[in-house]
Amino acid sequence: MIDRQIEGKITRDISIDFIKVIAIIGVVTIHTCIGGYSNPIGSWNWSASLFWGSITRASVPLFFMCSGALLLDPHHELSFKKLYLKNILRVLIALFFWAMAYKVFHLLASGTLSVLTIFQAIKEVILFKHESHLYYIHIILLVYVFLPITRVFVQNADKKMLEYALALWFVLGILYPTVIVFWPFSLLIGIPVQWMLNMTYASIGYGILGYYIKQYHNFKPARYILIGFIGFFLTFGATWYGSVRQGELYQHFLEGMTCGVAVLAVGIYGICTTLIEKLKFSLKIRRALSYGSKASFCIFLIHVFFLKIFAAIGLNVNVFPCLISIPFLVILNLVCSMCVYWALSHVVILKKWVV
């Protein structure tokens, strides 16, 4: 059984907290690595950046898997009223709040803040023209809208039916998008090309996968470690080879809906859930993981502010060797972001709706 932490009347799944903490560290790492890709292809700094970027590439899929593990659980009550007036409304308010905050930040930084530019920024926010990393929030809204349907499916499906659904998802949402750019699949035209699941809708499959592994996983930690290593090797190796061959960063195998990233996500998720069963965390560590998990949403939303501030003051990954500078800047960003979360979480209305 997966270990659970009880805080008053609230039961927390400590394994999910653990994974969310790893995932948010990974997201910050992914975005920090971008600066390192400006180095010559195949160079030490470029390769170090790709190493950190590849090993953390499954972070967003991990968030989808955590959401599925929690929200698809039949013991988790989720009425339409709660879904729309709490979950979806909160995400929408946070999305528009921080999307507007980024617009104002850019206007201030460029010295173009005015009534006219503010109105233009508001129009862009309403039309979902947001900071690029907020795409995850756009997708999670759709995932939430489908929750009543996916919950009915997983609650009435046995293990074999779940495996069948996941097999279809993997073939059409992961494998097909991976191979479609290569011969002979690149020769396909017409309807067969449309068999491929759109990335947004394929994200729902990660949620079902997270639920399935949580309910039925029986692999030993060593097997999940092997799965994770294979996923990393596919992601890093294929990207390195493609980039060196083309003379520029080849991003296809870094996409969330490709085989390497999906396999890496399964490995990390499985390692974390099985480790929780082996390790006996102290109450202090449990509370720290819980706090980090709660802060992960806020950190995701605001960490790009600090990336831009660091760049503005000349603090970038190329100041030191990337193997060292990337984790250093990640830690610094996480500390700054956690401080902001701590401050905002003491304002009741902000804690409830925007962090």
# chains A, B, ... in the order shown; residues from 1 in each chain; ligands from 1
>>> closest_atom_pairs(of="stretch 306-352 of chain A", to="stretch 39-59 of chain A", cutoff="7 Å", atoms="only C-alpha atoms", output="Markdown table")
| residue | atom | partner | partner_atom | distance |
| --- | --- | --- | --- | --- |
| A:Pro321 | CA | A:Asn45 | CA | 6.2 |
| A:Cys322 | CA | A:Asn45 | CA | 5.2 |
| A:Leu323 | CA | A:Ala48 | CA | 5.2 |
>>> residues_around(residues="A:Val104", least_positions_apart="3", cutoff="9 Å", atoms="only C-alpha atoms", output="NGL selection string")
:A and (99-101 or 107-109 or 113 or 118 or 121)
>>> residues_around(residues="stretch 225-230 of chain A", least_positions_apart="3", cutoff="10 Å", atoms="only C-alpha atoms", output="VMD selection string")
chain A and resid 55 220 to 222 233 to 236 260 to 272
>>> write_last_selection(atoms="C-alpha atoms", output="PDB file, in the first residue's frame")
ATOM      1  CA  ILE A  55      17.104  13.825 -17.092  1.00  0.00           C
ATOM      2  CA  LYS A 220      10.707  -3.884  -7.919  1.00  0.00           C
ATOM      3  CA  PRO A 221      12.659  -0.579  -7.637  1.00  0.00           C
ATOM      4  CA  ALA A 222      15.495  -2.017  -9.758  1.00  0.00           C
ATOM      5  CA  PHE A 233      19.163   7.201 -22.792  1.00  0.00           C
ATOM      6  CA  LEU A 234      16.530   7.480 -25.546  1.00  0.00           C
ATOM      7  CA  THR A 235      15.884  11.159 -24.774  1.00  0.00           C
ATOM      8  CA  PHE A 236      19.500  12.255 -24.358  1.00  0.00           C
ATOM      9  CA  GLY A 260      11.874   8.463 -24.388  1.00  0.00           C
ATOM     10  CA  VAL A 261      10.129  11.031 -22.225  1.00  0.00           C
ATOM     11  CA  ALA A 262       7.150   8.735 -21.570  1.00  0.00           C
ATOM     12  CA  VAL A 263       9.407   5.841 -20.539  1.00  0.00           C
ATOM     13  CA  LEU A 264      11.446   8.201 -18.347  1.00  0.00           C
ATOM     14  CA  ALA A 265       8.240   9.409 -16.669  1.00  0.00           C
ATOM     15  CA  VAL A 266       7.205   5.829 -15.872  1.00  0.00           C
ATOM     16  CA  GLY A 267      10.642   5.100 -14.451  1.00  0.00           C
ATOM     17  CA  ILE A 268      10.774   8.178 -12.202  1.00  0.00           C
ATOM     18  CA  TYR A 269       7.164   7.771 -11.072  1.00  0.00           C
ATOM     19  CA  GLY A 270       7.709   4.100 -10.279  1.00  0.00           C
ATOM     20  CA  ILE A 271      11.012   4.715  -8.495  1.00  0.00           C
ATOM     21  CA  CYS A 272       9.389   7.347  -6.286  1.00  0.00           C
TER      22      CYS A 272
END
>>> atom_distance(atom1="atom CA of A:Val304", atom2="atom CA of A:Lys20")
18.1 Å
>>> closest_residue(among="A:Leu92, A:Cys33, A:Val28, A:Ile204", to="A:Ile324", atoms="only C-alpha atoms")
A:Cys33
>>> residues_around(residues="stretch 143-145 of chain A", least_positions_apart="5", cutoff="8 Å", atoms="only C-alpha atoms", output="PyMOL selection string")
chain A and resi 83+87-88+201+203-204
>>> atom_distance(atom1="atom CA of A:Val60", atom2="atom CA of A:Gly256")
7.5 Å
>>> closest_residue(among="A:Glu248, A:Glu124, A:Asp73, A:Glu255", to="A:Phe153", atoms="only C-alpha atoms")
A:Asp73
